[in-house]
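> Just dropping this structure here.
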Amino acid sequence: LGGTMTAASDGPPAEILPPNQTLYLNNLNEKIKKEVLKKSIYSVFSQFGKIVDVVCCRGIRLRGQAWVVFSDVPSATNALRQMQGFPFYDKPMRINFAKTESDVITKAKGTFVPRAKRPRPDQPEQQQAQPPKQLEAADAPPKPKKHATDTNTTPSNVLFAQQLPDECTDAMLAMLFQQYTGFKEVRMVPGKKGIAFVEFADDVQASLALAALNNFKLTPDQTLNLSFAKR
């Protein structure tokens, strides 16, 4: 992802820009670490379509901002409509389309034009700055560890989540499950990585969430394995 993509800055977008495959997110919680934020964004947005890239930045002027590149415009448009104002780490997410396409998209279209390096500004910019280039293949996440899974098919109001990434937190899972009616809480297991329990108000609501999120992609290489918890 690269280029000089810009969009409306800090306030909520007064006007949604013309649709394209890249979404610009701001008003994100600046206290969340970059890698955790990136994985969380991927988790909540991948339900809308194939994600080509997610970029979060560490620079002072870029904190609280991110870019999500979808493989097609309809997926990006649907994600914007569904996630506008979504409570993400205790802050309402503000979303707009990026003003220009990301480099990964223009390269795929054959319309990519290299840009000159931007001089370092003397004053803080009012609009979003240039995000970094697309991640290289060498930076791709490692292949997931394979674990034996334990599957229970007897309905329960509590779901058992397995094969979670080591960095997965209860807050990340809660953001994923809270969109389903009846969600109550996520309970991680102290001292045991990769598993958690997700409680709903009743069996039916838990069943709907399981049907929707089992095998959901948490990262490009890791899927969520869900089953009913044993009573």
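Residue numbering restarts at 1 in every chain; chains get A, B, ... in the order shown in the structure tokens, and ligands count up from 1 in that same order.
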I'd like the neighbourhood of segment 160-174 of chain A as a ChimeraX atom specification, where a residue qualifies if any of its atoms comes within 10 Å (using only C-alpha atoms), though same-chain residues fewer than 4 positions away should be ignored.

/A:35-37,39-41,43-44,88-90,144-152,156,178-179,183-189,192-199,210,214,218-219,221-230

> For Met93 of chain A, work out the shell of residues within 9 Å, counting only C-alpha atoms and skipping chain neighbours fewer than 5 positions away, then give it as an mmCIF file with all heavy atoms, in the first residue's frame.


data_model
loop_
_atom_site.group_PDB
_atom_site.id
_atom_site.type_symbol
_atom_site.label_atom_id
_atom_site.label_comp_id
_atom_site.auth_asym_id
_atom_site.auth_seq_id
_atom_site.Cartn_x
_atom_site.Cartn_y
_atom_site.Cartn_z
ATOM 1 N N PRO A 12 -15.683 13.388 11.938
ATOM 2 C CA PRO A 12 -16.445 12.434 11.142
ATOM 3 C C PRO A 12 -16.619 12.969 9.730
ATOM 4 O O PRO A 12 -16.761 14.170 9.533
ATOM 5 C CB PRO A 12 -17.790 12.349 11.892
ATOM 6 C CG PRO A 12 -17.860 13.589 12.706
ATOM 7 C CD PRO A 12 -16.454 13.972 13.036
ATOM 8 N N LEU A 25 -9.505 4.726 7.758
ATOM 9 C CA LEU A 25 -10.084 4.681 9.105
ATOM 10 C C LEU A 25 -9.370 5.695 9.989
ATOM 11 O O LEU A 25 -8.142 5.806 9.948
ATOM 12 C CB LEU A 25 -9.923 3.291 9.725
ATOM 13 C CG LEU A 25 -10.151 2.053 8.849
ATOM 14 C CD1 LEU A 25 -9.926 0.796 9.670
ATOM 15 C CD2 LEU A 25 -11.531 2.059 8.238
ATOM 16 N N ASN A 26 -10.135 6.411 10.796
ATOM 17 C CA ASN A 26 -9.499 7.250 11.805
ATOM 18 C C ASN A 26 -10.331 7.241 13.076
ATOM 19 O O ASN A 26 -11.313 6.533 13.194
ATOM 20 C CB ASN A 26 -9.217 8.667 11.289
ATOM 21 C CG ASN A 26 -10.463 9.512 11.146
ATOM 22 O OD1 ASN A 26 -11.584 9.013 11.209
ATOM 23 N ND2 ASN A 26 -10.278 10.791 10.925
ATOM 24 N N ASN A 27 -9.863 8.009 14.062
ATOM 25 C CA ASN A 27 -10.415 7.996 15.417
ATOM 26 C C ASN A 27 -10.212 6.634 16.082
ATOM 27 O O ASN A 27 -11.006 6.209 16.910
ATOM 28 C CB ASN A 27 -11.908 8.358 15.433
ATOM 29 C CG ASN A 27 -12.380 8.775 16.824
ATOM 30 O OD1 ASN A 27 -11.711 9.530 17.517
ATOM 31 N ND2 ASN A 27 -13.530 8.277 17.234
ATOM 32 N N LEU A 28 -9.119 5.952 15.724
ATOM 33 C CA LEU A 28 -8.798 4.671 16.338
ATOM 34 C C LEU A 28 -8.059 4.899 17.654
ATOM 35 O O LEU A 28 -7.412 5.928 17.845
ATOM 36 C CB LEU A 28 -7.922 3.846 15.390
ATOM 37 C CG LEU A 28 -8.504 3.576 13.997
ATOM 38 C CD1 LEU A 28 -7.506 2.791 13.150
ATOM 39 C CD2 LEU A 28 -9.827 2.821 14.096
ATOM 40 N N MET A 83 -19.749 -0.690 9.139
ATOM 41 C CA MET A 83 -18.819 -0.449 10.239
ATOM 42 C C MET A 83 -18.691 1.011 10.649
ATOM 43 O O MET A 83 -17.994 1.318 11.614
ATOM 44 C CB MET A 83 -17.431 -0.988 9.853
ATOM 45 C CG MET A 83 -17.405 -2.489 9.608
ATOM 46 S SD MET A 83 -17.850 -3.450 11.070
ATOM 47 C CE MET A 83 -16.420 -3.132 12.108
ATOM 48 N N GLN A 84 -19.354 1.920 9.937
ATOM 49 C CA GLN A 84 -19.283 3.345 10.294
ATOM 50 C C GLN A 84 -19.780 3.541 11.725
ATOM 51 O O GLN A 84 -20.890 3.145 12.087
ATOM 52 C CB GLN A 84 -20.135 4.171 9.337
ATOM 53 C CG GLN A 84 -19.981 5.669 9.482
ATOM 54 C CD GLN A 84 -18.635 6.157 8.963
ATOM 55 O OE1 GLN A 84 -17.694 6.277 9.731
ATOM 56 N NE2 GLN A 84 -18.571 6.444 7.669
ATOM 57 N N GLY A 85 -18.937 4.112 12.582
ATOM 58 C CA GLY A 85 -19.322 4.343 13.971
ATOM 59 C C GLY A 85 -19.200 3.135 14.872
ATOM 60 O O GLY A 85 -19.561 3.198 16.050
ATOM 61 N N PHE A 86 -18.673 2.030 14.353
ATOM 62 C CA PHE A 86 -18.539 0.801 15.138
ATOM 63 C C PHE A 86 -17.623 1.048 16.341
ATOM 64 O O PHE A 86 -16.547 1.628 16.203
ATOM 65 C CB PHE A 86 -17.948 -0.299 14.255
ATOM 66 C CG PHE A 86 -17.779 -1.630 14.946
ATOM 67 C CD1 PHE A 86 -18.852 -2.483 15.106
ATOM 68 C CD2 PHE A 86 -16.534 -2.024 15.429
ATOM 69 C CE1 PHE A 86 -18.699 -3.712 15.731
ATOM 70 C CE2 PHE A 86 -16.366 -3.243 16.057
ATOM 71 C CZ PHE A 86 -17.458 -4.099 16.213
ATOM 72 N N PRO A 87 -18.041 0.640 17.556
ATOM 73 C CA PRO A 87 -17.212 0.868 18.749
ATOM 74 C C PRO A 87 -15.997 -0.048 18.743
ATOM 75 O O PRO A 87 -16.088 -1.224 19.072
ATOM 76 C CB PRO A 87 -18.166 0.534 19.906
ATOM 77 C CG PRO A 87 -19.176 -0.400 19.306
ATOM 78 C CD PRO A 87 -19.333 0.011 17.877
ATOM 79 N N PHE A 88 -14.858 0.481 18.363
ATOM 80 C CA PHE A 88 -13.639 -0.290 18.180
ATOM 81 C C PHE A 88 -12.637 0.109 19.253
ATOM 82 O O PHE A 88 -12.127 1.224 19.250
ATOM 83 C CB PHE A 88 -13.092 0.012 16.776
ATOM 84 C CG PHE A 88 -12.005 -0.897 16.293
ATOM 85 C CD1 PHE A 88 -12.271 -2.220 15.986
ATOM 86 C CD2 PHE A 88 -10.711 -0.417 16.126
ATOM 87 C CE1 PHE A 88 -11.274 -3.054 15.517
ATOM 88 C CE2 PHE A 88 -9.701 -1.245 15.664
ATOM 89 C CZ PHE A 88 -9.988 -2.566 15.359
#

> Name the residues of segment 169-205 of chain A that fall into helix (DSSP H, G or I) according to DSSP on the backbone, using the chain letters and numbers of this document, as a ChimeraX atom specification.

/A:170-177,203-205

> Hey, what's within 7 Å of Cys56 of chain A if we count only C-alpha atoms and toss same-chain stuff fewer than 3 positions away? As a PyMOL selection string, please?

chain A and resi 34+38+65-67

> Nearest to Val158 of chain A: which of A:Phe70, A:Phe97, A:Tyr42, A:Phe200 is it, counting only C-alpha atoms?

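For Val158 of chain A, the nearest of the given residues is A:Phe200.
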
> Hey, which of A:Lys31, A:Tyr180, A:Met175, A:Asn157 ends up closest to Asp202 of chain A? Count only C-alpha atoms.

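That would be A:Asn157, the residue with the smallest distance to Asp202 of chain A.
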